[in-house]
Number of protein chains: 2
Amino acid sequence: MAGQDRRVRRTKRIIGDAFVALILERGYDRITVQDILDRADVGRSTFYAHYRDKEALLTAAFDDMREELRGDLAAMTPGAPPDRTSPAGALFDHAYRHRDVYQALCGRHGGNLVYRHLRHLIGDLLREHLRPHLAAAGSDLPVDVVAEFYTSAALGLLTWWVDHDFRPGPTQLAHMYQRLAAPGLLTALGHGDIAAVIHERTDAPTR
Amino acid sequence: MAGQDRRVRRTKRIIGDAFVALILERGYDRITVQDILDRADVGRSTFYAHYRDKEALLTAAFDDMREELRGDLAAMTPGAPPDRTSPAGALFDHAYRHRDVYQALCGRHGGNLVYRHLRHLIGDLLREHLRPHLAAAGSDLPVDVVAEFYTSAALGLLTWWVDHDFRPGPTQLAHMYQRLAAPGLLTALGHGDIAAVIHERTDAPTR
DNA sequence: TTCGTTGTCGAACATGTTGTTCGAGTATGG
DNA sequence: CCATACTCGAACAACATGTTCGACAACGAA
């Protein structure tokens, strides 16, 4: 199923590589299908035998990884401890594992399609993750707003990080996110013991 | 300077209106210059007499407002009280004042160019706004990270808000942003009196 | 190895978009 | 009223897109 004809694998790999390389050079918007064909040295009809258009290629390039990410995120939900804020940590790890593709797709040069995909993915998960806690706390903050806030913050940090060559490391980045996000979130949830959570994480290395 | 020939004003207005309307209908990416021409009922050469291409039109559509926003933001910096987190309030007010254009340019259907413009604008301002405070507090958090976090959060809330027809109102939204942002920010700045700031704002209406 | 299947190639094609040019006409503002 | 400056519309070359087709080569199963 995954590995069909060897030629197909080869072609898709070549096209995908050329695609990522071209995005890093010129940005997604400034690439034509023709450019990809030239770079990959692949026949025109061959491309359209595999992808409907440029956008489909973009989606395909991200699809496998997205599934993997979805898995990572789903696996961490059940426990749902309110002190561990974030699918953000999982997101950062995932990005770090696929640095090259993230750099092309989520960085300065990528289109906004991938960004929207991620936003949906993280946003939906975080919303459902937060809903019971907010309800229990009797908060008057709409869960949509809270989810949107932390999703955007995480994705913003992600793109900043991608554009800065993934330094500091994923663990440090997750720590920083945690430190900035936790106080507000715990406040919204009506917890009083903010200081504890903050100091629990403040001792971690940051650079 | 601003108001030249009456015909020019008329043409630009018609083109701009058609542009905004079409974005709301189909989204920025799915519009061609030809579509704009047809909708506006304007000659092809006339369009290119005023705009280099579609992207230039997008920029132009946002330019005046952006200057206004820049002014609003610059006007609020000097005081720089660390308890008032945000250029975010000014941003929300500005968006509310120009609802129609924001809906086309910053909403679901807009391109990501406007988003980047805003991100730069807010991000730069917030970074310089925060730098001295973070330095004074001796924080180990990079100012870039902190600025990115709150800029993205604000813009995320903005786009969510735009796509939800600007409800709740700008003041309520600013309150919510404040409540989510202030605790983490004050913690990062080493302030201990978080509870005070939170309760100062919690009594405000949210719906 | 053989052989049917399947992917690739390359050229050609219709279609649509882009940005430019030009001459003729018309509204504008001084 | 008149010179200026804008608009129009058509035509144009350049390029991108997505499809089609026949010829050929690589694949993998027997």
# chains A, B, ... in the order shown; residues from 1 in each chain; ligands from 1
>>> closest_atom_pairs(of="chain B", to="chain D", cutoff="7 Å", atoms="only C-alpha atoms (C1' of nucleotides)", output="JSON lines")
{"residue": "B:Arg7", "atom": "CA", "partner": "D:DC6", "partner_atom": "C1'", "distance": 6.8}
{"residue": "B:Gly43", "atom": "CA", "partner": "D:DC8", "partner_atom": "C1'", "distance": 5.9}
{"residue": "B:Thr46", "atom": "CA", "partner": "D:DT7", "partner_atom": "C1'", "distance": 6.5}
>>> write_last_selection(atoms="C-alpha atoms", output="short mmCIF file (atom, residue, chain, number, x, y, z; two decimals), in the first residue's frame")
data_model
loop_
_atom_site.label_atom_id
_atom_site.label_comp_id
_atom_site.auth_asym_id
_atom_site.auth_seq_id
_atom_site.Cartn_x
_atom_site.Cartn_y
_atom_site.Cartn_z
CA ARG B 7 -11.40 60.10 -11.91
CA GLY B 43 -10.40 48.70 -18.36
CA THR B 46 -6.51 51.38 -16.25
#
>>> closest_atom_pairs(of="chain B", to="chain C", cutoff="10 Å", atoms="only C-alpha atoms (C1' of nucleotides)", output="tab-separated table")
residue	atom	partner	partner_atom	distance
B:Asp5	CA	C:DT28	C1'	7.0
B:Arg6	CA	C:DT28	C1'	7.4
B:Arg7	CA	C:DA27	C1'	7.7
B:Thr32	CA	C:DT17	C1'	7.6
B:Val33	CA	C:DT17	C1'	8.3
B:Gln34	CA	C:DT17	C1'	8.0
B:Arg44	CA	C:DG19	C1'	9.6
B:Ser45	CA	C:DT20	C1'	8.4
B:Tyr48	CA	C:DG19	C1'	7.7
B:Arg52	CA	C:DG19	C1'	8.6
B:Asp53	CA	C:DG19	C1'	8.4
>>> interface_residues(of="chain B", to="chain A", cutoff="10 Å", atoms="only C-alpha atoms", output="PyMOL selection string")
chain B and resi 108+111-113+116+119+140-142+144-161+173+176-188+192+194-195+198+202+205-207
>>> write_last_selection(atoms="C-alpha atoms", output="tab-separated table (two decimals), in the first residue's frame")
chain	number	residue	atom	x	y	z
B	108	ARG	CA	-10.39	33.36	6.72
B	111	GLY	CA	-3.87	36.20	2.03
B	112	ASN	CA	-1.07	35.88	4.51
B	113	LEU	CA	0.65	39.06	3.39
B	116	ARG	CA	2.85	39.27	8.02
B	119	ARG	CA	3.02	40.63	12.70
B	140	ASP	CA	16.59	34.73	31.21
B	141	LEU	CA	13.78	34.64	28.67
B	142	PRO	CA	14.89	36.02	25.29
B	144	ASP	CA	12.31	37.72	20.97
B	145	VAL	CA	10.49	34.75	22.38
B	146	VAL	CA	8.33	36.78	24.70
B	147	ALA	CA	7.42	39.28	22.00
B	148	GLU	CA	6.65	36.52	19.54
B	149	PHE	CA	4.45	34.76	22.04
B	150	TYR	CA	2.23	37.72	22.80
B	151	THR	CA	2.20	39.05	19.25
B	152	SER	CA	1.03	35.73	17.90
B	153	ALA	CA	-1.53	35.37	20.64
B	154	ALA	CA	-2.94	38.81	19.88
B	155	LEU	CA	-3.06	38.23	16.14
B	156	GLY	CA	-4.58	34.81	16.64
B	157	LEU	CA	-7.31	36.33	18.73
B	158	LEU	CA	-7.73	39.03	16.12
B	159	THR	CA	-8.31	36.63	13.23
B	160	TRP	CA	-10.61	34.50	15.34
B	161	TRP	CA	-12.55	37.61	16.23
B	173	LEU	CA	-11.83	41.10	23.69
B	176	MET	CA	-9.87	38.70	27.77
B	177	TYR	CA	-6.52	39.12	26.13
B	178	GLN	CA	-5.37	41.01	29.15
B	179	ARG	CA	-6.51	38.34	31.53
B	180	LEU	CA	-4.73	35.60	29.62
B	181	ALA	CA	-1.59	37.56	28.89
B	182	ALA	CA	-0.94	39.55	32.06
B	183	PRO	CA	-0.15	36.74	34.50
B	184	GLY	CA	2.51	35.14	32.34
B	185	LEU	CA	4.00	38.45	31.41
B	186	LEU	CA	4.17	39.72	34.96
B	187	THR	CA	5.66	36.45	36.03
B	188	ALA	CA	8.32	36.77	33.36
B	192	GLY	CA	4.86	39.08	42.56
B	194	ILE	CA	-0.19	38.90	40.04
B	195	ALA	CA	-3.43	38.41	41.88
B	198	ILE	CA	-5.92	39.75	37.61
B	202	THR	CA	-11.85	40.06	36.26
B	205	PRO	CA	-18.15	42.09	31.59
B	206	THR	CA	-17.10	39.32	29.22
B	207	ARG	CA	-20.10	38.70	27.01
>>> atom_distance(atom1="atom CA of Glu128 of chain A", atom2="atom CA of Asp93 of chain A")
21.5 Å
>>> atom_distance(atom1="atom CA of Met65 of chain B", atom2="atom CA of His175 of chain B")
23.5 Å
>>> closest_residue(among="A:Asp100, A:Glu68, A:Asp38, A:Glu55", to="Asp163 of chain A", atoms="only C-alpha atoms")
A:Asp100
>>> atom_distance(atom1="atom CA of Asp35 of chain A", atom2="atom CA of Tyr115 of chain B")
27.0 Å
>>> select_by_dssp(residues="segment 15-179 of chain A", states="helix (DSSP H, G or I)", output="PyMOL selection string")
chain A and resi 15-26+28-30+33-40+44-50+54-76+88-97+99-106+112-137+143-163+170-179
>>> residues_around(residues="His94 of chain B", least_positions_apart="3", cutoff="10 Å", atoms="only C-alpha atoms (C1' of nucleotides)", output="short mmCIF file (atom, residue, chain, number, x, y, z; two decimals) with C-alpha atoms, in the first residue's frame")
data_model
loop_
_atom_site.label_atom_id
_atom_site.label_comp_id
_atom_site.auth_asym_id
_atom_site.auth_seq_id
_atom_site.Cartn_x
_atom_site.Cartn_y
_atom_site.Cartn_z
CA MET B 65 -5.04 51.94 7.67
CA ARG B 66 -1.67 50.58 8.56
CA GLU B 68 -3.16 54.98 11.12
CA LEU B 69 -2.53 51.93 13.24
CA ASP B 72 -2.10 54.72 17.34
CA LEU B 73 0.56 52.33 18.52
CA ALA B 88 -3.32 44.58 21.50
CA GLY B 89 -6.09 46.87 22.70
CA ALA B 90 -5.18 49.48 20.13
CA LEU B 91 -5.05 46.78 17.49
CA ARG B 97 -13.05 50.73 13.25
CA HIS B 98 -12.26 49.16 9.88
CA ARG B 99 -14.34 46.04 10.18
CA TYR B 102 -10.19 43.61 8.16
CA PRO B 170 -13.38 45.20 21.17
#
